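For reference, model23.tsv is printed below; it contains TSV, C-alpha atoms and all ligand atoms.
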```tsv
chain	number	residue	atom	x	y	z
A	1	MET	CA	-150.56	-158.75	-102.91
A	2	THR	CA	-154.17	-157.62	-103.18
A	3	ASN	CA	-155.48	-154.12	-103.68
A	4	PRO	CA	-157.52	-153.40	-100.51
A	5	ASN	CA	-159.92	-151.21	-102.49
A	6	LYS	CA	-160.60	-153.65	-105.30
A	7	ILE	CA	-163.69	-155.81	-105.00
A	8	ALA	CA	-165.14	-158.39	-107.38
A	9	VAL	CA	-168.71	-159.60	-107.43
A	10	LEU	CA	-169.62	-162.74	-109.36
A	11	GLY	CA	-173.17	-162.98	-110.64
A	12	GLY	CA	-175.33	-160.70	-112.72
A	13	GLY	CA	-178.56	-161.09	-110.74
A	14	SER	CA	-180.33	-158.82	-108.30
A	15	PHE	CA	-178.22	-159.42	-105.22
A	16	GLY	CA	-174.87	-159.34	-107.03
A	17	THR	CA	-175.83	-156.03	-108.56
A	18	ALA	CA	-176.95	-154.58	-105.23
A	19	ILE	CA	-173.73	-155.61	-103.45
A	20	ALA	CA	-171.50	-154.41	-106.29
A	21	ASN	CA	-173.22	-151.06	-106.41
A	22	MET	CA	-172.98	-150.56	-102.65
A	23	ALA	CA	-169.26	-151.32	-102.63
A	24	ALA	CA	-168.73	-148.93	-105.57
A	25	THR	CA	-170.72	-146.18	-103.88
A	26	ASN	CA	-168.37	-146.57	-100.90
A	27	GLY	CA	-165.43	-145.58	-103.14
A	28	ASN	CA	-164.09	-149.03	-103.98
A	29	THR	CA	-163.05	-150.09	-107.46
A	30	VAL	CA	-165.62	-152.76	-108.19
A	31	TYR	CA	-165.91	-155.31	-110.99
A	32	GLN	CA	-169.11	-157.28	-111.43
A	33	TRP	CA	-168.71	-160.41	-113.53
A	34	MET	CA	-171.54	-161.77	-115.66
A	35	ARG	CA	-171.26	-164.99	-117.66
A	36	ASN	CA	-173.29	-163.62	-120.55
A	37	GLU	CA	-171.07	-161.32	-122.61
A	38	GLU	CA	-173.92	-159.54	-124.37
A	39	ARG	CA	-175.67	-158.79	-121.09
A	40	ALA	CA	-172.46	-157.58	-119.48
A	41	LYS	CA	-171.85	-155.18	-122.38
A	42	GLN	CA	-175.43	-153.97	-122.29
A	43	CYS	CA	-175.38	-153.32	-118.52
A	44	GLN	CA	-172.00	-151.58	-118.79
A	45	ALA	CA	-173.21	-149.35	-121.63
A	46	LEU	CA	-176.60	-148.57	-120.05
A	47	ARG	CA	-175.16	-148.14	-116.52
A	48	GLU	CA	-178.11	-150.21	-115.35
A	49	ASN	CA	-179.06	-153.88	-114.98
A	50	PRO	CA	-182.33	-153.92	-116.94
A	51	PHE	CA	-182.71	-157.69	-116.48
A	52	TYR	CA	-182.92	-157.73	-112.69
A	53	LEU	CA	-183.04	-154.16	-111.35
A	54	PRO	CA	-184.53	-152.03	-114.12
A	55	GLY	CA	-184.57	-148.28	-113.66
A	56	PHE	CA	-181.84	-148.23	-111.05
A	57	PRO	CA	-178.66	-146.32	-112.04
A	58	LEU	CA	-175.28	-147.92	-111.32
A	59	HIS	CA	-172.36	-146.07	-109.74
A	60	GLU	CA	-169.46	-144.96	-111.96
A	61	MET	CA	-166.91	-146.92	-109.84
A	62	LEU	CA	-168.65	-150.14	-110.90
A	63	THR	CA	-167.44	-151.88	-114.08
A	64	ILE	CA	-169.48	-154.75	-115.47
A	65	THR	CA	-167.47	-157.29	-117.38
A	66	HIS	CA	-167.53	-160.75	-118.89
A	67	ASP	CA	-163.76	-161.09	-118.33
A	68	LEU	CA	-163.25	-163.13	-115.15
A	69	GLN	CA	-159.50	-162.51	-114.95
A	70	THR	CA	-159.89	-158.72	-115.13
A	71	ALA	CA	-162.63	-158.85	-112.50
A	72	ILE	CA	-160.69	-160.93	-109.99
A	73	THR	CA	-157.00	-160.13	-110.33
A	74	ASP	CA	-155.71	-158.34	-107.19
A	75	ALA	CA	-159.19	-158.12	-105.62
A	76	ALA	CA	-159.10	-158.07	-101.82
A	77	LEU	CA	-162.61	-159.52	-101.65
A	78	VAL	CA	-164.67	-161.64	-104.02
A	79	PHE	CA	-168.42	-161.93	-103.35
A	80	VAL	CA	-169.97	-165.00	-104.97
A	81	SER	CA	-173.60	-164.18	-105.72
A	82	ILE	CA	-174.50	-167.21	-107.78
A	83	PRO	CA	-177.44	-169.51	-106.92
A	84	SER	CA	-176.43	-172.71	-105.15
A	85	GLN	CA	-177.15	-174.96	-108.17
A	86	SER	CA	-174.29	-173.31	-110.13
A	87	PHE	CA	-172.17	-172.04	-107.24
A	88	ARG	CA	-169.45	-174.72	-107.29
A	89	SER	CA	-168.96	-174.61	-111.05
A	90	VAL	CA	-168.30	-170.86	-110.89
A	91	VAL	CA	-165.98	-171.15	-107.88
A	92	LYS	CA	-163.90	-173.69	-109.79
A	93	LEU	CA	-163.37	-171.10	-112.53
A	94	ILE	CA	-161.95	-168.40	-110.25
A	95	GLN	CA	-159.24	-170.36	-108.45
A	96	PRO	CA	-156.44	-169.58	-110.98
A	97	TYR	CA	-156.98	-165.82	-110.76
A	98	LEU	CA	-157.14	-165.36	-106.99
A	99	SER	CA	-154.26	-163.73	-105.11
A	100	LYS	CA	-152.93	-165.61	-102.10
A	101	ASP	CA	-154.77	-163.54	-99.49
A	102	THR	CA	-158.01	-162.77	-101.37
A	103	GLY	CA	-161.05	-163.30	-99.16
A	104	VAL	CA	-164.04	-165.07	-100.74
A	105	ILE	CA	-167.58	-164.53	-99.45
A	106	SER	CA	-170.75	-166.39	-100.32
A	107	THR	CA	-174.06	-164.57	-100.49
A	108	ALA	CA	-176.01	-167.62	-101.68
A	109	LYS	CA	-178.76	-169.04	-99.47
A	110	GLY	CA	-178.95	-172.61	-100.64
A	111	ILE	CA	-177.63	-176.12	-100.01
A	112	GLU	CA	-175.85	-178.50	-102.40
A	113	PRO	CA	-177.56	-181.92	-102.51
A	114	GLU	CA	-174.37	-183.97	-102.18
A	115	ASN	CA	-173.65	-184.28	-98.46
A	116	PHE	CA	-175.90	-181.37	-97.47
A	117	THR	CA	-173.09	-178.93	-98.30
A	118	LEU	CA	-173.51	-175.22	-97.59
A	119	MET	CA	-171.93	-172.74	-99.98
A	120	SER	CA	-169.11	-171.64	-97.69
A	121	GLN	CA	-168.27	-175.33	-97.29
A	122	VAL	CA	-168.02	-175.46	-101.08
A	123	LEU	CA	-165.58	-172.52	-100.81
A	124	GLU	CA	-163.62	-174.40	-98.14
A	125	GLN	CA	-163.37	-177.45	-100.39
A	126	GLU	CA	-162.51	-175.62	-103.60
A	127	LEU	CA	-160.36	-172.81	-102.15
A	128	PRO	CA	-158.79	-174.32	-99.01
A	129	ASP	CA	-156.07	-171.66	-98.71
A	130	HIS	CA	-158.33	-168.61	-98.71
A	131	PRO	CA	-160.10	-166.78	-95.91
A	132	ILE	CA	-163.81	-167.32	-96.45
A	133	GLY	CA	-167.06	-165.91	-95.13
A	134	VAL	CA	-170.80	-165.65	-95.51
A	135	LEU	CA	-172.93	-162.55	-95.96
A	136	SER	CA	-176.52	-163.15	-94.88
A	137	GLY	CA	-179.44	-161.29	-93.37
A	138	PRO	CA	-182.82	-159.72	-94.12
A	139	ASN	CA	-181.71	-158.18	-97.39
A	140	PHE	CA	-184.00	-157.68	-100.35
A	141	ALA	CA	-181.83	-156.39	-103.21
A	142	LYS	CA	-184.71	-154.21	-104.38
A	143	GLU	CA	-184.78	-152.37	-101.04
A	144	ILE	CA	-181.00	-152.10	-100.72
A	145	VAL	CA	-180.69	-150.27	-104.03
A	146	VAL	CA	-183.20	-147.62	-103.01
A	147	ASN	CA	-181.31	-147.07	-99.75
A	148	GLN	CA	-183.83	-148.54	-97.34
A	149	GLN	CA	-182.00	-148.86	-94.01
A	150	THR	CA	-180.77	-152.43	-93.85
A	151	GLY	CA	-178.79	-154.68	-91.52
A	152	THR	CA	-176.78	-157.74	-92.49
A	153	VAL	CA	-174.27	-160.18	-91.00
A	154	ILE	CA	-170.75	-161.05	-92.10
A	155	ALA	CA	-169.85	-164.41	-90.60
A	156	SER	CA	-166.32	-165.73	-90.66
A	157	GLU	CA	-163.57	-167.18	-88.51
A	158	TYR	CA	-161.27	-164.53	-90.00
A	159	ASP	CA	-161.48	-161.20	-88.21
A	160	ALA	CA	-159.50	-159.43	-90.95
A	161	LEU	CA	-162.09	-160.54	-93.51
A	162	ILE	CA	-164.92	-159.33	-91.25
A	163	THR	CA	-163.28	-155.91	-90.91
A	164	LEU	CA	-162.61	-155.63	-94.64
A	165	THR	CA	-166.22	-156.51	-95.46
A	166	GLN	CA	-167.58	-154.02	-92.95
A	167	LYS	CA	-165.36	-151.33	-94.47
A	168	ALA	CA	-166.36	-152.24	-98.02
A	169	LEU	CA	-170.12	-152.22	-97.48
A	170	SER	CA	-171.06	-150.18	-94.40
A	171	SER	CA	-172.83	-146.90	-94.99
A	172	GLY	CA	-175.52	-144.66	-93.50
A	173	THR	CA	-178.11	-147.06	-94.87
A	174	PHE	CA	-176.31	-150.41	-94.58
A	175	ARG	CA	-175.08	-151.79	-91.27
A	176	VAL	CA	-172.87	-154.88	-91.21
A	177	TYR	CA	-172.83	-156.94	-87.99
A	178	ALA	CA	-170.19	-159.57	-87.24
A	179	ASN	CA	-170.64	-163.21	-86.22
A	180	HIS	CA	-168.12	-166.03	-85.83
A	181	ASP	CA	-170.77	-168.77	-86.19
A	182	ARG	CA	-170.43	-169.07	-89.96
A	183	TYR	CA	-172.32	-172.34	-90.13
A	184	GLY	CA	-175.28	-171.04	-88.09
A	185	VAL	CA	-175.55	-167.80	-90.06
A	186	GLU	CA	-175.45	-169.66	-93.34
A	187	LEU	CA	-177.89	-172.34	-92.22
A	188	GLY	CA	-180.36	-169.64	-91.09
A	189	GLY	CA	-180.32	-168.04	-94.53
A	190	ALA	CA	-180.92	-171.35	-96.28
A	191	LEU	CA	-183.60	-172.72	-93.93
A	192	LYS	CA	-185.78	-169.60	-93.78
A	193	ASN	CA	-186.61	-170.06	-97.48
A	194	ILE	CA	-188.63	-173.18	-96.60
A	195	TYR	CA	-190.79	-171.26	-94.15
A	196	ALA	CA	-191.22	-168.34	-96.55
A	197	ILE	CA	-192.90	-170.82	-98.92
A	198	VAL	CA	-195.08	-172.09	-96.05
A	199	CYS	CA	-196.09	-168.54	-95.06
A	200	GLY	CA	-196.82	-167.53	-98.65
A	201	MET	CA	-199.06	-170.57	-98.95
A	202	ALA	CA	-200.83	-169.71	-95.70
A	203	ALA	CA	-201.38	-166.13	-96.88
A	204	ALA	CA	-202.97	-167.38	-100.10
A	205	LEU	CA	-205.43	-169.34	-97.97
A	206	GLY	CA	-206.47	-166.14	-96.18
A	207	THR	CA	-204.98	-166.92	-92.78
A	208	GLY	CA	-205.16	-164.25	-90.09
A	209	HIS	CA	-202.50	-162.70	-87.89
A	210	ASN	CA	-202.83	-165.38	-85.19
A	211	THR	CA	-201.92	-168.08	-87.68
A	212	GLN	CA	-199.06	-166.05	-89.15
A	213	ALA	CA	-197.57	-165.40	-85.71
A	214	MET	CA	-197.80	-169.08	-84.81
A	215	LEU	CA	-196.19	-170.13	-88.10
A	216	LEU	CA	-193.30	-167.70	-87.72
A	217	THR	CA	-192.61	-168.73	-84.15
A	218	ARG	CA	-192.85	-172.45	-84.79
A	219	SER	CA	-190.65	-172.03	-87.89
A	220	LEU	CA	-187.95	-170.48	-85.76
A	221	ALA	CA	-188.27	-173.34	-83.24
A	222	GLU	CA	-187.96	-175.91	-86.01
A	223	MET	CA	-184.99	-174.25	-87.72
A	224	SER	CA	-183.15	-173.89	-84.44
A	225	ARG	CA	-183.83	-177.52	-83.53
A	226	LEU	CA	-182.14	-178.77	-86.71
A	227	ALA	CA	-179.34	-176.22	-86.40
A	228	GLN	CA	-178.50	-177.37	-82.90
A	229	VAL	CA	-178.34	-181.02	-83.94
A	230	LEU	CA	-176.09	-180.06	-86.87
A	231	GLY	CA	-173.70	-178.21	-84.58
A	232	ALA	CA	-174.68	-174.55	-85.07
A	233	ASN	CA	-175.29	-172.27	-82.12
A	234	PRO	CA	-179.10	-171.95	-81.84
A	235	MET	CA	-178.62	-168.45	-80.37
A	236	THR	CA	-177.43	-167.38	-83.83
A	237	PHE	CA	-181.01	-167.93	-84.95
A	238	LEU	CA	-182.14	-165.03	-82.77
A	239	GLY	CA	-180.03	-162.65	-84.86
A	240	LEU	CA	-180.50	-160.91	-88.20
A	241	ALA	CA	-179.50	-163.96	-90.24
A	242	GLY	CA	-182.03	-166.13	-88.40
A	243	MET	CA	-185.11	-164.43	-86.99
A	244	GLY	CA	-184.47	-161.25	-89.00
A	245	ASP	CA	-184.42	-162.98	-92.36
A	246	LEU	CA	-187.27	-165.29	-91.34
A	247	ILE	CA	-189.52	-162.32	-90.54
A	248	LEU	CA	-188.57	-160.56	-93.78
A	249	THR	CA	-189.15	-163.40	-96.19
A	250	CYS	CA	-192.18	-164.86	-94.41
A	251	THR	CA	-194.08	-161.57	-94.50
A	252	SER	CA	-193.31	-160.03	-97.88
A	253	ASP	CA	-194.21	-160.77	-101.45
A	254	LEU	CA	-190.87	-159.29	-102.47
A	255	SER	CA	-189.58	-162.74	-101.49
A	256	ARG	CA	-189.49	-165.18	-104.39
A	257	ASN	CA	-189.90	-168.09	-101.99
A	258	TYR	CA	-192.99	-166.49	-100.45
A	259	ARG	CA	-194.38	-165.93	-103.96
A	260	VAL	CA	-193.85	-169.60	-104.86
A	261	GLY	CA	-195.86	-170.55	-101.76
A	262	TYR	CA	-198.55	-168.00	-102.53
A	263	ALA	CA	-198.91	-169.27	-106.09
A	264	VAL	CA	-199.15	-172.92	-105.01
A	265	GLY	CA	-201.61	-171.95	-102.24
A	266	SER	CA	-203.67	-170.20	-104.93
A	267	GLY	CA	-203.95	-173.41	-106.92
A	268	LYS	CA	-201.00	-173.24	-109.34
A	269	SER	CA	-198.73	-176.21	-109.83
A	270	LEU	CA	-195.19	-175.93	-108.45
A	271	ASN	CA	-193.77	-175.83	-111.98
A	272	GLU	CA	-196.13	-173.02	-112.99
A	273	ALA	CA	-195.21	-171.07	-109.87
A	274	ILE	CA	-191.47	-171.40	-110.53
A	275	THR	CA	-191.82	-170.52	-114.21
A	276	ASP	CA	-193.93	-167.43	-113.46
A	277	ILE	CA	-191.36	-166.09	-110.99
A	278	GLY	CA	-188.51	-166.63	-113.46
A	279	GLN	CA	-185.79	-166.27	-110.81
A	280	VAL	CA	-184.27	-168.66	-108.32
A	281	ALA	CA	-186.35	-169.65	-105.26
A	282	GLU	CA	-183.81	-171.69	-103.28
A	283	GLY	CA	-186.37	-173.07	-100.78
A	284	VAL	CA	-187.87	-175.50	-103.31
A	285	ASN	CA	-184.69	-177.57	-103.38
A	286	THR	CA	-183.82	-176.88	-99.77
A	287	VAL	CA	-187.04	-178.43	-98.46
A	288	LYS	CA	-186.21	-181.74	-100.19
A	289	LEU	CA	-182.76	-181.85	-98.61
A	290	VAL	CA	-183.96	-180.78	-95.19
A	291	LYS	CA	-186.76	-183.35	-95.12
A	292	GLU	CA	-184.21	-186.09	-95.89
A	293	LYS	CA	-181.75	-184.74	-93.34
A	294	ALA	CA	-184.41	-184.44	-90.63
A	295	GLU	CA	-185.48	-188.03	-91.20
A	296	SER	CA	-181.94	-189.36	-91.17
A	297	LEU	CA	-181.12	-187.50	-87.94
A	298	ASN	CA	-184.55	-188.09	-86.39
A	299	VAL	CA	-185.13	-184.36	-85.93
A	300	TYR	CA	-188.76	-183.33	-85.64
A	301	MET	CA	-189.54	-180.82	-88.44
A	302	PRO	CA	-193.29	-180.94	-89.09
A	303	LEU	CA	-193.53	-177.75	-91.16
A	304	ALA	CA	-190.74	-178.75	-93.54
A	305	THR	CA	-192.11	-182.29	-93.80
A	306	GLY	CA	-195.65	-180.97	-94.36
A	307	LEU	CA	-194.44	-178.60	-97.07
A	308	TYR	CA	-192.61	-181.44	-98.78
A	309	ALA	CA	-195.81	-183.52	-98.76
A	310	ILE	CA	-197.74	-180.65	-100.38
A	311	LEU	CA	-195.13	-179.80	-103.03
A	312	PHE	CA	-193.90	-183.27	-103.96
A	313	GLU	CA	-196.51	-185.80	-102.80
A	314	SER	CA	-199.66	-183.92	-103.88
A	315	ARG	CA	-201.08	-183.80	-100.34
A	316	PRO	CA	-203.82	-181.13	-100.01
A	317	VAL	CA	-202.70	-178.08	-98.00
A	318	ILE	CA	-205.79	-178.10	-95.78
A	319	GLU	CA	-205.31	-181.77	-94.89
A	320	VAL	CA	-201.66	-181.20	-93.92
A	321	ALA	CA	-202.56	-178.10	-91.86
A	322	GLN	CA	-205.26	-180.01	-89.96
A	323	GLN	CA	-202.90	-182.85	-89.20
A	324	LEU	CA	-200.32	-180.42	-87.82
A	325	MET	CA	-202.90	-178.69	-85.64
A	326	GLN	CA	-204.45	-181.83	-84.21
A	327	GLY	CA	-201.36	-183.71	-83.18
A	328	GLU	CA	-200.39	-184.26	-79.57
A	329	GLN	CA	-199.65	-181.18	-77.44
A	330	ASN	CA	-196.07	-179.96	-77.46
A	331	TYR	CA	-193.95	-177.58	-75.38
A	332	ASP	CA	-193.61	-173.92	-76.29
A	333	VAL	CA	-189.93	-173.06	-75.77
A	334	GLU	CA	-187.21	-175.62	-76.30
A	335	PHE	CA	-183.50	-175.53	-75.42
A	336	SER	CA	-184.49	-175.15	-71.76
A	337	GLY	CA	-183.86	-178.77	-70.95
A	338	LYS	CA	-187.23	-180.09	-72.13
A	339	LEU	CA	-188.13	-181.86	-75.33
A	340	SER	CA	-185.14	-180.57	-77.25
A	341	ASN	CA	-185.44	-183.24	-79.89
A	342	GLU	CA	-188.25	-185.64	-79.08
A	343	PRO	CA	-190.45	-186.74	-81.95
A	344	SER	CA	-194.07	-185.63	-81.92
A	345	THR	CA	-196.88	-185.23	-84.42
A	346	SER	CA	-198.01	-181.66	-83.72
A	347	LEU	CA	-196.67	-178.26	-84.77
B	1	LIG	N1	-182.26	-161.20	-104.39
B	1	LIG	C1	-182.08	-160.96	-103.12
B	1	LIG	O1	-182.68	-160.04	-102.57
B	1	LIG	C2	-181.11	-161.81	-102.34
B	1	LIG	C3	-180.72	-161.34	-101.09
B	1	LIG	C4	-179.80	-162.07	-100.35
B	1	LIG	C5	-179.30	-163.27	-100.85
B	1	LIG	N2	-179.73	-163.71	-102.05
B	1	LIG	C6	-179.15	-164.99	-102.48
B	1	LIG	O2	-178.12	-164.72	-103.43
B	1	LIG	C7	-178.07	-165.76	-104.41
B	1	LIG	C8	-178.22	-165.12	-105.76
B	1	LIG	O3	-179.48	-164.48	-105.75
B	1	LIG	P1	-179.95	-163.41	-106.79
B	1	LIG	O4	-181.16	-162.79	-106.23
B	1	LIG	O5	-178.87	-162.51	-107.22
B	1	LIG	O6	-180.35	-164.40	-107.97
B	1	LIG	P2	-180.88	-164.02	-109.38
B	1	LIG	O7	-181.78	-165.11	-109.83
B	1	LIG	O8	-181.37	-162.61	-109.37
B	1	LIG	O9	-179.55	-164.04	-110.26
B	1	LIG	C9	-178.68	-165.12	-110.35
B	1	LIG	C10	-177.55	-164.75	-111.30
B	1	LIG	O10	-176.62	-165.83	-111.33
B	1	LIG	C11	-176.31	-166.08	-112.68
B	1	LIG	N3	-175.91	-167.46	-112.87
B	1	LIG	C12	-176.64	-168.57	-112.69
B	1	LIG	N4	-175.91	-169.65	-113.01
B	1	LIG	C13	-174.70	-169.21	-113.41
B	1	LIG	C14	-173.51	-169.84	-113.88
B	1	LIG	N5	-173.43	-171.16	-114.02
B	1	LIG	N6	-172.47	-169.06	-114.21
B	1	LIG	C15	-172.53	-167.73	-114.08
B	1	LIG	N7	-173.63	-167.06	-113.64
B	1	LIG	C16	-174.70	-167.81	-113.32
B	1	LIG	C17	-177.59	-165.75	-113.44
B	1	LIG	O11	-177.29	-165.52	-114.81
B	1	LIG	C18	-178.04	-164.50	-112.73
B	1	LIG	O12	-177.41	-163.38	-113.26
B	1	LIG	C19	-179.22	-166.73	-104.08
B	1	LIG	O13	-178.71	-167.85	-103.41
B	1	LIG	C20	-180.13	-165.92	-103.16
B	1	LIG	O14	-180.79	-166.75	-102.21
B	1	LIG	C21	-180.59	-163.02	-102.81
B	2	LIG	O1	-186.45	-163.60	-102.70
B	2	LIG	P1	-185.96	-164.65	-101.72
B	2	LIG	O2	-187.09	-165.42	-101.13
B	2	LIG	O3	-184.87	-165.48	-102.32
B	2	LIG	O4	-185.32	-163.85	-100.49
B	2	LIG	C1	-184.28	-162.96	-100.73
B	2	LIG	C2	-183.38	-162.80	-99.53
B	2	LIG	O5	-182.93	-164.03	-99.06
B	2	LIG	C3	-183.99	-162.00	-98.43
B	2	LIG	O6	-183.07	-161.82	-97.38
```

When written as structure tokens, how does the structure in this file appear?
Ligand SMILES: NC(=O)c1ccc[n+]([C@@H]2O[C@H](COP(=O)([O-])OP(=O)(O)OC[C@H]3O[C@@H](n4cnc5c(N)ncnc54)[C@H](O)[C@@H]3O)[C@@H](O)[C@H]2O)c1
Ligand SMILES: O=P(O)(O)OC[C@H](O)CO
Amino acid sequence: MTNPNKIAVLGGGSFGTAIANMAATNGNTVYQWMRNEERAKQCQALRENPFYLPGFPLHEMLTITHDLQTAITDAALVFVSIPSQSFRSVVKLIQPYLSKDTGVISTAKGIEPENFTLMSQVLEQELPDHPIGVLSGPNFAKEIVVNQQTGTVIASEYDALITLTQKALSSGTFRVYANHDRYGVELGGALKNIYAIVCGMAAALGTGHNTQAMLLTRSLAEMSRLAQVLGANPMTFLGLAGMGDLILTCTSDLSRNYRVGYAVGSGKSLNEAITDIGQVAEGVNTVKLVKEKAESLNVYMPLATGLYAILFESRPVIEVAQQLMQGEQNYDVEFSGKLSNEPSTSL
């Protein structure tokens, strides 16, 4: 049996800390697990995470620990807030400590290279007997912890898990919407990172509002086009985890993906940009996987393909932008029976 008020959060980064602190503030007994013992002890003693969210005090109901068993035993919910590159290896560690009905929720917005696997699909594979879900939306950790009013989405096939998550996290400043299209919600969170890099790059080149509006709108069209072919509901992309997160990350330098794009657009190499940011920007790997996937499925994704050419084939940004603008004319709104998936060479 699980303790309905016990929650575990895996990951010592910015989002893990924000989620753990919110759940603790709501009166839950929360354990945040960090792999680095020294860091866990330091955060626990300081009541702060100086590595990712310096200056922000942590709630007394939150315990930070290096002991995975203590963190997980009896927890009703486990949030996995580990970047996609390490996600599976951490999930493998937790299996022995989970109770039978513990729900496990991914907050990671990335894709595993093998078989284009999303993180909740990793959960499905590694923890087939557990209810699973995805938490995704326009959610900068740095804004959550200073109580900026925020909306998010819990997506799952399990209504009990949705209700438990809403109860654990909802507050006067955090609103948790439900969605049953887990795949669509998760895909939205992963894909928007590509376009945040594109928009950061465009901003570095001094583009105006017309360009930014066109980029955002065509990004949404492109994401939805792939999502539909992959089996997600394209309407999901009109919600917080699609359009909401796209707007957030494509318009703010709080986004690490946007900052990678801005740095590359300002003349830095991709490696310099990543090193300077010092945290995970999932879109850099995602664009490689999406370009491959789009080609194999013959889905038209000119922005993702153009970004790939700039980042990995040394194509000049201006040249790629001109090519996109001068291709053949295309339709505005898809999914209305016209041109849902026909190849073209324009934006
Ligand atoms: N930061 C945000 O505002 C935000 C918001 C929503 C979703 N996300 C997503 O959540 C995920 C995590 O993001 P973040 O911002 O917390 O990342 P982060 O870079 O701030 O922190 C990642 C944490 O994971 C830990 N980690 C990495 N590999 C590990 C391993 N093998 N074992 C144990 N711990 C490991 C790191 O030590 C670090 O503490 C990402 O997929 C991101 O896209 C982030
Ligand atoms: O900093 P980013 O670009 O990883 O974006 C963080 C979150 O995904 C915003 O919702």

Q) Would you name the residues within 7 Å of ligand LIG 1 (chain B), counting only C-alpha atoms and all ligand atoms, and put them as a PyMOL selection string? A) chain A and resi 11-16+34-35+52+81-84+86-87+89-90+107-110+136+139-142+279-282

Q: Using all atoms listed in the file, determine which residues lie at most 12 Å from Pro4 of chain A, disregarding the query and same-chain residues fewer than 4 positions distant; provide the list as a list in words.
A: Ala8, Gly27, Asn28, Thr29, Val30, Thr73, Asp74, Ala75, Ala76, Leu77, Val78, Ser99, Asp101, Thr102, Gly103, Ala160, Leu161, Thr163, Leu164, Thr165, Lys167 and Ala168 of chain A

**Q.** Interatomic distance (Å, one decimal) between atom CA of Met325 of chain A and atom CA of Tyr262 of chain A
**A.** 20.5 Å

At a cut-off of 6 Å, can you tabulate as CSV every residue of chain A near ligand LIG 2 (chain B) together with its closest atom pair and the distance in Å to one decimal, using only C-alpha atoms and all ligand atoms and ordering rows by chain then number?
```
residue,atom,partner,partner_atom,distance
A:Gly137,CA,B:LIG2,O6,5.4
A:Pro138,CA,B:LIG2,O6,3.9
A:Asn139,CA,B:LIG2,O6,3.9
A:Phe140,CA,B:LIG2,C3,4.7
A:Asn193,CA,B:LIG2,O2,5.9
A:Asp245,CA,B:LIG2,O6,5.3
A:Thr249,CA,B:LIG2,O2,5.7
A:Ser255,CA,B:LIG2,O1,3.5
A:Arg256,CA,B:LIG2,O1,3.8
A:Asn257,CA,B:LIG2,O2,4.0
A:Ala281,CA,B:LIG2,O3,5.3
```

Q. What is the atom CA of Thr211 of chain A to atom CA of Val229 of chain A distance in Å?
A.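 Between atom CA of Thr211 of chain A and atom CA of Val229 of chain A the gap is 27.2 Å.
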
Q | Residue among A:Asn298, A:Cys43, A:Gly265, A:Leu10 lying closest to Thr207 of chain A, counting only C-alpha atoms | A |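 Checking each candidate against Thr207 of chain A, we get A:Gly265 as the closest.
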
Can you pull out the residues contacting Leu187 of chain A? Cut-off 9 Å, using only C-alpha atoms, and skip same-chain residues under 6 positions away; I want them as a compact mmCIF listing (two decimals) with C-alpha atoms, in the frame of the given file.
```txt
# COMPACT_ATOMS: atom_id res chain seq x y z
CA LYS A 109 -178.76 -169.04 -99.47
CA GLY A 110 -178.95 -172.61 -100.64
CA ILE A 111 -177.63 -176.12 -100.01
CA LEU A 118 -173.51 -175.22 -97.59
CA MET A 223 -184.99 -174.25 -87.72
CA ALA A 227 -179.34 -176.22 -86.40
CA ALA A 232 -174.68 -174.55 -85.07
CA ALA A 241 -179.50 -163.96 -90.24
CA GLY A 242 -182.03 -166.13 -88.40
```

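The spacing separating atom CA of Gln326 of chain A from atom CA of Met214 of chain A amounts to 14.4 Å.
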
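Between Leu123 of chain A and the residues A:Lys92, A:Arg315, A:His66, A:Lys41, the shortest atom-to-atom distance, using only C-alpha atoms, involves A:Lys92.
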
Q.
Just checking: using all atoms listed in the file, which residue out of A:Gln44, A:Thr152, A:Gln95, A:Asn3 ends up closest to Gly244 of chain A?
A.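 Of all the options, A:Thr152 lies closest to Gly244 of chain A.
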
Q) With only C-alpha atoms as the basis for distance, which of A:Ala202, A:Leu62, A:Ala196, A:Val287 is at the shortest distance from Val320 of chain A? A) A:Ala202

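The smallest atom-to-atom distance between Arg47 of chain A and any of A:Ile64, A:Leu169, A:Val185, A:Val260, using all atoms listed in the file, is found for A:Ile64.
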
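Contact shell of Leu216 of chain A at 12 Å (all atoms listed in the file; same-chain neighbours under 4 positions omitted): A:Lys192, A:Ile194, A:Tyr195, A:Ala196, A:Ile197, A:Val198, A:Cys199, A:Gly200, A:Ala202, A:His209, A:Asn210, A:Thr211, A:Gln212, A:Leu220, A:Ala221, A:Glu222, A:Met223, A:Gly242, A:Met243, A:Gly244, A:Asp245, A:Leu246, A:Ile247, A:Leu248, A:Thr249, A:Cys250, A:Thr251, A:Leu303, A:Leu347.
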
**Q.** Surrounding residues of Gln69 of chain A excluding itself and chain neighbours under 6 positions, 9 Å, only C-alpha atoms, as a PyMOL selection string
**A.** chain A and resi 94+96-98

Q: Starting from the point (-170.5, -149.2, -98.3), work out which residues of protein, DNA or RNA have an atom no more than 10 Å away when counting only C-alpha atoms; state them as a list of chain:residue names.
A: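 Residues satisfying the cut-off, written out: A:Ile19, A:Ala20, A:Asn21, A:Met22, A:Ala23, A:Ala24, A:Thr25, A:Asn26, A:Gly27, A:Asn28, A:Thr165, A:Gln166, A:Lys167, A:Ala168, A:Leu169, A:Ser170, A:Ser171, A:Gly172, A:Thr173, A:Phe174, A:Arg175, A:Val176.
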
Q.
Can you tell me which residues surround Glu292 of chain A at a distance of at most 12 Å, considering all atoms listed in the file, apart from same-chain residues fewer than 6 positions away, and format the answer as a PyMOL selection string?
A. chain A and resi 113-116+226+285-286+298-301+304-305+308
